[in-house]
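Remarks on the structure that follows.
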Amino acid sequence: MPAPDRYAVIGHPIGHSRSPQIHALFAQQTRQSMRYTAVDIAPEQLAARVPEFFAGGGRGLNVTVPHKQAVIALTDGLSERARTAGAANTILSDAAGGLIADNTDGAGLVRDLTHNLRIPVSAQRVLLLGAGGAARGVLAPLLELKPRELVIANRSPERALALASAFNSHAAVRGSGFAQLDGVCFDLIINATAASLQGEVPPLPASVIGAATICYDLAYAAVDTHFMRWARERGAAQAHMGLGMLVEQAAESFYLWRGVRPDTTAVLAVLAAQLSH
Ligand code: NDP
């Protein structure tokens with residue numbers, strides 16, 4: 001029997017990653033012969049280790065913090081969504097052996113919002129918190145759903161303004177600081193800051209949440225994140241964490257590599273149960 005095809009997620013640190021488990025469940029479910037591991041690569045080793053992985057027969061990589069931007073320079077081509085995001089979370093090799101960078105984070109978020117959670121984005125007033133790699137990755141796919149307006153707010157407002165101006169062909173996008181949101185209310189608030197990882201919540205004015213507001217935190221944890229608790233305490237209609245996005249972005253990568261779409265519902269249920277124990 002041939003050896004299983006090799007895949008990995010690379011990051012630094014990487015011990016916390018749930019990707020090996022998610023992809024093992026996908027492979028089992030779809031009967032794909034593959035082995036997926038987590039590999040810690042320090043930034044100074046990235047340029048050598050990525051080509052080495054593929055030269056040694058590796059078939060695909062997922063990429064996480066802090067390599068999502070740096071990895072692009074090591075590839076031969078970019079998908080449109082990786083180019084727009086300026087960051088990649090997936091690398092595949094094409095028929096000629098060239099390395100292609102792609103970004104499935106936005107597709108993962110949109111799939112979780114619209115398919116799993118049935119949260120409307122089209123014609124809604126959307127607030128996107130953060131202007132880092134994750135925010136860049138989800139921005140274009142969110143705009144494709146045609147929200148009524150999309151405000152990007154960031155701790156360093158100049159980064160939000162710069163990101164908004166990069167998308168100024170979409171009239172409905174603008175950048176902001178947090179304080180300038182006073183008096184404004186949103187239908188959907190997406191937290192793409194790293195604040196939850198530090199046990200913090202961005203200092204937002206109370207007005208942003210109304211009785212119908214839905215909040216979504218890209219971060220995920222065993223219990224509700226600080227942002228989710230904050231949202232509920234202020235009367236938000238719903239508060240969700242990013243576990244569904246994690247599984248959906250993984251499914252999109254899996255599809256790029258194997259040409260098969262796994263059933264994410266079953267895998268998400270396994271992960272959610274494990275996380276809460
Ligand atoms: P980056 O480091 O690229 O960006 C961090 C962002 O968070 C910046 O906008 C930064 O603001 C802001 N920030 C950091 N700390 C605080 C704070 N204490 N208060 C307010 N704002 C803060 O990180 P990423 O964009 O890669 O990741 C962001 C989050 O998204 C993480 O929680 C990550 O785990 C999550 N994520 C989840 C995924 C999923 O599948 N569920 C996929 C990808 C990411 P400033 O510019 O001012 O520094």
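Each chain in the structure tokens gets a letter, A, B, ..., in the order shown, and its residues are numbered from 1; ligands are numbered from 1 in order too.
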Q) Could you name the residues that touch region 124-128 of chain A at 8 Å or less, counting only C-alpha atoms, but leaving out those on the same chain fewer than 4 positions away, as an NGL selection string? A) :A and (120 or 135 or 147-153 or 186-192)
Q.
So that I can see what lies close to Gly242 (chain A), please list as a ChimeraX atom specification the residues with an atom at most 9 Å from it, counting only C-alpha atoms and leaving out residues fewer than 2 positions away in the same chain.
A. /A:109,112,216-221,240,244-247
Would you mind exporting the chosen residues as a compact mmCIF listing (two decimals), in the first residue's frame, restricted to all heavy atoms?
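Output contents, as saved in again.txt:
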```txt
# COMPACT_ATOMS: atom_id res chain seq x y z
N LEU A 109 -15.33 31.81 7.42
CA LEU A 109 -16.22 32.66 8.23
C LEU A 109 -17.58 32.80 7.56
O LEU A 109 -18.63 32.63 8.21
CB LEU A 109 -15.60 34.06 8.41
CG LEU A 109 -16.54 35.07 9.07
CD1 LEU A 109 -16.84 34.68 10.52
CD2 LEU A 109 -15.97 36.49 9.02
N ASP A 112 -19.63 29.69 7.90
CA ASP A 112 -20.17 29.50 9.25
C ASP A 112 -21.33 30.46 9.51
O ASP A 112 -22.38 30.07 10.04
CB ASP A 112 -19.07 29.68 10.30
CG ASP A 112 -19.49 29.14 11.66
OD1 ASP A 112 -20.19 28.10 11.70
OD2 ASP A 112 -19.13 29.74 12.69
N TYR A 216 -20.09 37.99 16.83
CA TYR A 216 -19.33 36.79 16.45
C TYR A 216 -17.86 37.05 16.76
O TYR A 216 -17.28 38.02 16.28
CB TYR A 216 -19.52 36.51 14.95
CG TYR A 216 -18.92 35.20 14.48
CD1 TYR A 216 -19.73 34.10 14.23
CD2 TYR A 216 -17.55 35.06 14.27
CE1 TYR A 216 -19.18 32.89 13.79
CE2 TYR A 216 -17.01 33.86 13.84
CZ TYR A 216 -17.84 32.78 13.61
OH TYR A 216 -17.31 31.58 13.18
N ASP A 217 -17.26 36.19 17.58
CA ASP A 217 -15.85 36.33 17.94
C ASP A 217 -15.05 35.29 17.14
O ASP A 217 -15.36 34.10 17.21
CB ASP A 217 -15.69 36.06 19.45
CG ASP A 217 -14.36 36.55 19.99
OD1 ASP A 217 -13.47 36.89 19.18
OD2 ASP A 217 -14.21 36.59 21.23
N LEU A 218 -14.04 35.72 16.40
CA LEU A 218 -13.22 34.75 15.66
C LEU A 218 -12.47 33.83 16.61
O LEU A 218 -12.12 32.70 16.26
CB LEU A 218 -12.20 35.48 14.77
CG LEU A 218 -12.60 35.64 13.30
CD1 LEU A 218 -13.88 36.42 13.15
CD2 LEU A 218 -11.48 36.29 12.51
N ALA A 219 -12.19 34.31 17.82
CA ALA A 219 -11.51 33.47 18.81
C ALA A 219 -12.48 32.38 19.30
O ALA A 219 -13.70 32.53 19.20
CB ALA A 219 -11.05 34.32 19.98
N TYR A 220 -11.93 31.29 19.84
CA TYR A 220 -12.77 30.24 20.40
C TYR A 220 -12.10 29.72 21.66
O TYR A 220 -10.88 29.84 21.82
CB TYR A 220 -13.02 29.11 19.38
CG TYR A 220 -11.75 28.61 18.75
CD1 TYR A 220 -10.98 27.62 19.36
CD2 TYR A 220 -11.30 29.16 17.57
CE1 TYR A 220 -9.80 27.18 18.78
CE2 TYR A 220 -10.11 28.73 16.99
CZ TYR A 220 -9.37 27.75 17.60
OH TYR A 220 -8.20 27.34 17.04
N ALA A 221 -12.91 29.18 22.55
CA ALA A 221 -12.38 28.72 23.84
C ALA A 221 -13.34 27.70 24.41
O ALA A 221 -14.43 27.49 23.88
CB ALA A 221 -12.25 29.91 24.78
N HIS A 240 -21.60 34.34 19.30
CA HIS A 240 -21.01 33.08 18.82
C HIS A 240 -19.49 33.15 18.87
O HIS A 240 -18.91 34.23 18.77
CB HIS A 240 -21.43 32.80 17.38
CG HIS A 240 -22.91 32.75 17.19
ND1 HIS A 240 -23.64 31.61 17.44
CD2 HIS A 240 -23.81 33.69 16.81
CE1 HIS A 240 -24.92 31.85 17.20
NE2 HIS A 240 -25.05 33.11 16.82
N GLY A 244 -16.73 27.24 14.48
CA GLY A 244 -17.31 26.87 13.18
C GLY A 244 -16.45 27.39 12.03
O GLY A 244 -16.23 26.69 11.04
N MET A 245 -15.94 28.61 12.19
CA MET A 245 -15.05 29.16 11.16
C MET A 245 -13.79 28.31 11.03
O MET A 245 -13.33 28.05 9.92
CB MET A 245 -14.67 30.60 11.52
CG MET A 245 -13.61 31.19 10.63
SD MET A 245 -13.24 32.89 11.10
CE MET A 245 -11.81 33.22 10.07
N LEU A 246 -13.26 27.89 12.18
CA LEU A 246 -12.05 27.07 12.16
C LEU A 246 -12.27 25.79 11.34
O LEU A 246 -11.46 25.42 10.50
CB LEU A 246 -11.65 26.71 13.60
CG LEU A 246 -10.43 25.82 13.73
CD1 LEU A 246 -9.17 26.64 13.48
CD2 LEU A 246 -10.37 25.17 15.11
N VAL A 247 -13.40 25.14 11.60
CA VAL A 247 -13.70 23.88 10.89
C VAL A 247 -13.99 24.16 9.41
O VAL A 247 -13.53 23.42 8.53
CB VAL A 247 -14.89 23.16 11.57
CG1 VAL A 247 -15.31 21.94 10.76
CG2 VAL A 247 -14.52 22.74 12.99
```
(Q) Can you pull out every residue from region 42-271 of chain A that DSSP, working from the backbone, puts in strand (DSSP E or B), and format the result as JSON, numbers by chain? (A) {"A": [60, 61, 62, 63, 77, 78, 90, 91, 92, 93, 99, 100, 101, 102, 125, 126, 127, 128, 129, 149, 150, 151, 152, 153, 173, 174, 175, 176, 186, 187, 188, 189, 190, 191, 209, 210, 211, 212, 213, 214, 215, 216, 217, 238, 239, 240, 241]}
Same residues, N, CA and C atoms, output as a short mmCIF file (atom, residue, chain, number, x, y, z; two decimals), in the first residue's frame:
```cif
data_model
loop_
_atom_site.label_atom_id
_atom_site.label_comp_id
_atom_site.auth_asym_id
_atom_site.auth_seq_id
_atom_site.Cartn_x
_atom_site.Cartn_y
_atom_site.Cartn_z
N GLY A 60 0.66 19.49 0.97
CA GLY A 60 -0.02 20.75 1.25
C GLY A 60 0.25 21.21 2.67
N LEU A 61 0.20 22.54 2.85
CA LEU A 61 0.42 23.11 4.19
C LEU A 61 -0.72 24.05 4.55
N ASN A 62 -1.06 24.05 5.82
CA ASN A 62 -1.81 25.16 6.40
C ASN A 62 -0.79 26.03 7.12
N VAL A 63 -1.09 27.32 7.18
CA VAL A 63 -0.14 28.28 7.73
C VAL A 63 -0.86 29.13 8.77
N GLY A 77 2.81 31.43 -6.92
CA GLY A 77 1.58 32.08 -7.40
C GLY A 77 0.61 32.28 -6.24
N LEU A 78 -0.36 33.16 -6.49
CA LEU A 78 -1.32 33.52 -5.44
C LEU A 78 -2.74 33.39 -5.97
N THR A 90 -3.12 28.63 3.39
CA THR A 90 -3.08 27.33 2.71
C THR A 90 -2.07 27.38 1.57
N ILE A 91 -1.25 26.35 1.44
CA ILE A 91 -0.35 26.23 0.29
C ILE A 91 -0.59 24.87 -0.36
N LEU A 92 -0.69 24.90 -1.67
CA LEU A 92 -0.84 23.66 -2.42
C LEU A 92 0.16 23.68 -3.57
N SER A 93 0.45 22.51 -4.13
CA SER A 93 1.33 22.54 -5.29
C SER A 93 0.48 22.25 -6.53
N LEU A 99 4.33 26.21 -6.21
CA LEU A 99 3.58 26.37 -4.96
C LEU A 99 2.61 27.54 -5.08
N ILE A 100 1.35 27.28 -4.71
CA ILE A 100 0.30 28.30 -4.80
C ILE A 100 -0.19 28.62 -3.39
N ALA A 101 -0.26 29.92 -3.09
CA ALA A 101 -0.77 30.36 -1.79
C ALA A 101 -2.24 30.73 -1.92
N ASP A 102 -3.02 30.28 -0.96
CA ASP A 102 -4.45 30.61 -0.97
C ASP A 102 -4.86 31.03 0.45
N ARG A 125 -25.94 46.23 8.63
CA ARG A 125 -24.87 47.16 9.07
C ARG A 125 -23.86 46.33 9.85
N VAL A 126 -22.66 46.20 9.31
CA VAL A 126 -21.66 45.28 9.89
C VAL A 126 -20.49 46.06 10.45
N LEU A 127 -20.07 45.69 11.67
CA LEU A 127 -18.87 46.27 12.29
C LEU A 127 -17.81 45.18 12.37
N LEU A 128 -16.66 45.41 11.74
CA LEU A 128 -15.55 44.47 11.79
C LEU A 128 -14.48 45.06 12.69
N LEU A 129 -14.18 44.37 13.79
CA LEU A 129 -13.18 44.86 14.75
C LEU A 129 -11.83 44.25 14.43
N GLU A 149 -23.61 48.53 5.06
CA GLU A 149 -22.35 49.24 5.30
C GLU A 149 -21.42 48.32 6.09
N LEU A 150 -20.12 48.56 5.95
CA LEU A 150 -19.15 47.78 6.73
C LEU A 150 -18.13 48.76 7.30
N VAL A 151 -18.13 48.87 8.63
CA VAL A 151 -17.18 49.76 9.30
C VAL A 151 -16.08 48.90 9.90
N ILE A 152 -14.83 49.25 9.61
CA ILE A 152 -13.68 48.57 10.21
C ILE A 152 -13.20 49.45 11.34
N ALA A 153 -13.19 48.94 12.56
CA ALA A 153 -12.70 49.73 13.70
C ALA A 153 -11.53 49.02 14.34
N VAL A 173 -17.63 50.85 2.62
CA VAL A 173 -16.61 50.55 3.64
C VAL A 173 -16.00 51.83 4.19
N ARG A 174 -15.84 51.88 5.53
CA ARG A 174 -15.06 52.98 6.08
C ARG A 174 -14.30 52.52 7.31
N GLY A 175 -13.22 53.21 7.63
CA GLY A 175 -12.40 52.88 8.79
C GLY A 175 -12.71 53.82 9.93
N SER A 176 -12.39 53.36 11.18
CA SER A 176 -12.74 54.16 12.35
C SER A 176 -11.88 53.73 13.55
N PHE A 186 -25.11 48.55 15.29
CA PHE A 186 -24.85 47.62 14.18
C PHE A 186 -25.73 46.38 14.30
N ASP A 187 -25.99 45.74 13.15
CA ASP A 187 -26.75 44.48 13.14
C ASP A 187 -25.83 43.30 13.47
N LEU A 188 -24.58 43.39 13.00
CA LEU A 188 -23.63 42.28 13.17
C LEU A 188 -22.27 42.86 13.54
N ILE A 189 -21.69 42.34 14.63
CA ILE A 189 -20.35 42.77 15.04
C ILE A 189 -19.43 41.55 15.02
N ILE A 190 -18.36 41.64 14.23
CA ILE A 190 -17.42 40.52 14.09
C ILE A 190 -16.10 40.93 14.74
N ASN A 191 -15.70 40.20 15.76
CA ASN A 191 -14.45 40.54 16.46
C ASN A 191 -13.28 39.77 15.86
N ILE A 209 -24.28 48.01 20.38
CA ILE A 209 -25.15 46.84 20.54
C ILE A 209 -26.59 47.26 20.78
N GLY A 210 -27.49 46.76 19.95
CA GLY A 210 -28.92 46.94 20.17
C GLY A 210 -29.55 45.58 20.45
N ALA A 211 -30.86 45.56 20.64
CA ALA A 211 -31.54 44.31 21.02
C ALA A 211 -31.46 43.24 19.93
N ALA A 212 -31.23 43.66 18.68
CA ALA A 212 -31.20 42.68 17.58
C ALA A 212 -29.76 42.38 17.12
N THR A 213 -28.77 42.96 17.79
CA THR A 213 -27.39 42.80 17.33
C THR A 213 -26.88 41.37 17.54
N ILE A 214 -26.18 40.86 16.53
CA ILE A 214 -25.56 39.54 16.63
C ILE A 214 -24.04 39.74 16.68
N CYS A 215 -23.39 39.07 17.63
CA CYS A 215 -21.93 39.22 17.79
C CYS A 215 -21.24 37.89 17.50
N TYR A 216 -20.09 37.99 16.83
CA TYR A 216 -19.33 36.79 16.45
C TYR A 216 -17.86 37.05 16.76
N ASP A 217 -17.26 36.19 17.58
CA ASP A 217 -15.85 36.33 17.94
C ASP A 217 -15.05 35.29 17.14
N GLN A 238 -27.57 37.53 19.99
CA GLN A 238 -26.82 36.28 19.90
C GLN A 238 -25.33 36.58 20.04
N ALA A 239 -24.56 35.60 20.55
CA ALA A 239 -23.10 35.72 20.60
C ALA A 239 -22.50 34.36 20.26
N HIS A 240 -21.60 34.34 19.30
CA HIS A 240 -21.01 33.08 18.82
C HIS A 240 -19.49 33.15 18.87
N MET A 241 -18.85 31.97 18.94
CA MET A 241 -17.38 31.92 18.86
C MET A 241 -16.96 31.31 17.51
#
```
Q) When the cut-off is 7 Å and you count only C-alpha atoms and all ligand atoms, which residues lie near ligand 1, shown as a ChimeraX atom specification? A) /A:65,105,130-135,154-156,159,192-198,200-202,218-220,242-243,245-246,249
Q: Could you please determine the separation between CA of Thr84 (chain A) and CA of Ala47 (chain A) in Å, to one decimal place?
A: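 Atom-to-atom, CA of Thr84 (chain A) and CA of Ala47 (chain A) are spaced 22.3 Å apart.
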Q) Hey, what's within 10 Å of Ala266 (chain A) if we count only C-alpha atoms and toss same-chain stuff fewer than 6 positions away? As a PyMOL selection string, please? A) chain A and resi 25-26+29
Selection above as a file: all heavy atoms, as a compact mmCIF listing (two decimals), in the first residue's frame:
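The resulting file, part-v3.txt, is shown below:
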```txt
# COMPACT_ATOMS: atom_id res chain seq x y z
N LEU A 25 -10.17 13.79 11.07
CA LEU A 25 -11.61 13.44 11.02
C LEU A 25 -12.14 13.56 9.59
O LEU A 25 -12.89 12.70 9.12
CB LEU A 25 -12.41 14.34 11.97
CG LEU A 25 -12.18 14.09 13.46
CD1 LEU A 25 -12.78 15.21 14.31
CD2 LEU A 25 -12.78 12.75 13.89
N PHE A 26 -11.72 14.61 8.88
CA PHE A 26 -12.13 14.76 7.47
C PHE A 26 -11.64 13.56 6.64
O PHE A 26 -12.38 13.02 5.81
CB PHE A 26 -11.52 16.02 6.85
CG PHE A 26 -12.10 17.34 7.31
CD1 PHE A 26 -11.42 18.53 7.06
CD2 PHE A 26 -13.32 17.42 7.97
CE1 PHE A 26 -11.94 19.75 7.45
CE2 PHE A 26 -13.85 18.64 8.37
CZ PHE A 26 -13.15 19.81 8.10
N GLN A 29 -13.55 10.40 7.39
CA GLN A 29 -14.90 10.48 6.86
C GLN A 29 -14.95 10.31 5.34
O GLN A 29 -15.87 9.70 4.80
CB GLN A 29 -15.43 11.87 7.25
CG GLN A 29 -16.84 12.19 6.88
CD GLN A 29 -17.05 13.69 6.95
OE1 GLN A 29 -16.78 14.42 6.01
NE2 GLN A 29 -17.52 14.17 8.09
```
Q) Which one of A:Gly15, A:Pro20, A:Pro66, A:Gly137 sits closest to Thr104 (chain A) if you count only C-alpha atoms? A) A:Gly137
Q. What's the 10 Å shell around Gln180 (chain A), counting only C-alpha atoms, without same-chain residues fewer than 5 positions away, as a PyMOL selection string?
A. chain A and resi 153+157+204-205
Dump of all heavy atoms for the selected residues, as a PDB file, in the first residue's frame:
```
ATOM      1  N   ALA A 153     -13.188  48.935  12.565  1.00  0.00           N
ATOM      2  CA  ALA A 153     -12.700  49.733  13.698  1.00  0.00           C
ATOM      3  C   ALA A 153     -11.528  49.021  14.343  1.00  0.00           C
ATOM      4  O   ALA A 153     -11.564  47.806  14.551  1.00  0.00           O
ATOM      5  CB  ALA A 153     -13.814  49.946  14.719  1.00  0.00           C
ATOM      6  N   PRO A 157      -6.372  53.354  14.930  1.00  0.00           N
ATOM      7  CA  PRO A 157      -7.351  53.696  13.879  1.00  0.00           C
ATOM      8  C   PRO A 157      -6.732  53.821  12.499  1.00  0.00           C
ATOM      9  O   PRO A 157      -7.370  53.501  11.495  1.00  0.00           O
ATOM     10  CB  PRO A 157      -7.909  55.055  14.339  1.00  0.00           C
ATOM     11  CG  PRO A 157      -7.574  55.162  15.783  1.00  0.00           C
ATOM     12  CD  PRO A 157      -6.348  54.338  16.023  1.00  0.00           C
ATOM     13  N   LEU A 204     -15.437  49.477  23.291  1.00  0.00           N
ATOM     14  CA  LEU A 204     -16.460  49.979  22.369  1.00  0.00           C
ATOM     15  C   LEU A 204     -17.536  50.746  23.120  1.00  0.00           C
ATOM     16  O   LEU A 204     -17.902  50.358  24.234  1.00  0.00           O
ATOM     17  CB  LEU A 204     -17.124  48.795  21.651  1.00  0.00           C
ATOM     18  CG  LEU A 204     -16.229  48.008  20.701  1.00  0.00           C
ATOM     19  CD1 LEU A 204     -16.874  46.676  20.348  1.00  0.00           C
ATOM     20  CD2 LEU A 204     -15.966  48.828  19.448  1.00  0.00           C
ATOM     21  N   PRO A 205     -18.098  51.799  22.522  1.00  0.00           N
ATOM     22  CA  PRO A 205     -19.216  52.478  23.160  1.00  0.00           C
ATOM     23  C   PRO A 205     -20.451  51.570  23.227  1.00  0.00           C
ATOM     24  O   PRO A 205     -20.625  50.696  22.363  1.00  0.00           O
ATOM     25  CB  PRO A 205     -19.467  53.686  22.259  1.00  0.00           C
ATOM     26  CG  PRO A 205     -18.720  53.450  21.011  1.00  0.00           C
ATOM     27  CD  PRO A 205     -17.667  52.433  21.269  1.00  0.00           C
TER      28      PRO A 205
END
```
Q) Of the residues A:Met1, A:Ile41, A:Ile22, A:Ala107, which is the one nearest to Ala272 (chain A), using only C-alpha atoms? A) A:Ile22
Q: Would you mind reading off the distance between CA of Ile10 (chain A) and CA of Phe167 (chain A), one decimal, in Å?
A: 29.4 Å
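Once Asp263 (chain A) and its same-chain neighbours fewer than 3 positions away are set aside, Ile22, His23, Leu25, Phe26, Ala27, Gln28, Gln29, Thr30, Asn116, Val247, Glu248, Ala250, Ala251, Glu252, Phe254, Tyr255, Val260, Ala266, Val267, Leu268 and Ala269 of chain A remain within 12 Å of it when counting only C-alpha atoms.
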Q: Fewer than 5 positions away in the same chain doesn't count, so skip those; otherwise give me all residues within 9 Å of Ile14 (chain A), counting only C-alpha atoms, as an MDAnalysis selection string.
A: chainID A and resid 9 38:41 64:65
Q: Using DSSP on the backbone, list every residue of region 71-235 of chain A that comes out as alpha helix (DSSP H), and give them as a PyMOL selection string.
A: chain A and resi 80-85+105-111+133-144+157-166+226-233
Q: Rank A:Leu163, A:Val208, A:Val121, A:Ala236 by their smallest atom-to-atom distance to Arg136 (chain A), using only C-alpha atoms, and report the top residue only.
A: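 Ranked by minimum distance to Arg136 (chain A), first place goes to A:Leu163.
Nearest to Leu181 (chain A) of all the residues A:Ala162, A:Ala206, A:Leu46, A:Leu139 is A:Ala206, based on only C-alpha atoms.
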**Q.** For His67 (chain A): contacts at 10 Å, only C-alpha atoms, fewer than 5 positions along chain excluded, given as an MDAnalysis selection string
**A.** chainID A and resid 10:12 41:43 46 72 87:89
Q: Go through A:Leu145, A:Ala48, A:Val138, A:Ala55 one by one, measure the shortest atom-to-atom distance of each to Ile119 (chain A) using only C-alpha atoms, and give the residue with the smallest value.
A: A:Leu145
Q. Between CA of Ser17 (chain A) and CA of Ser276 (chain A), what is the spacing in Å?
A.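 Separation between CA of Ser276 (chain A) and CA of Ser17 (chain A): 16.2 Å.
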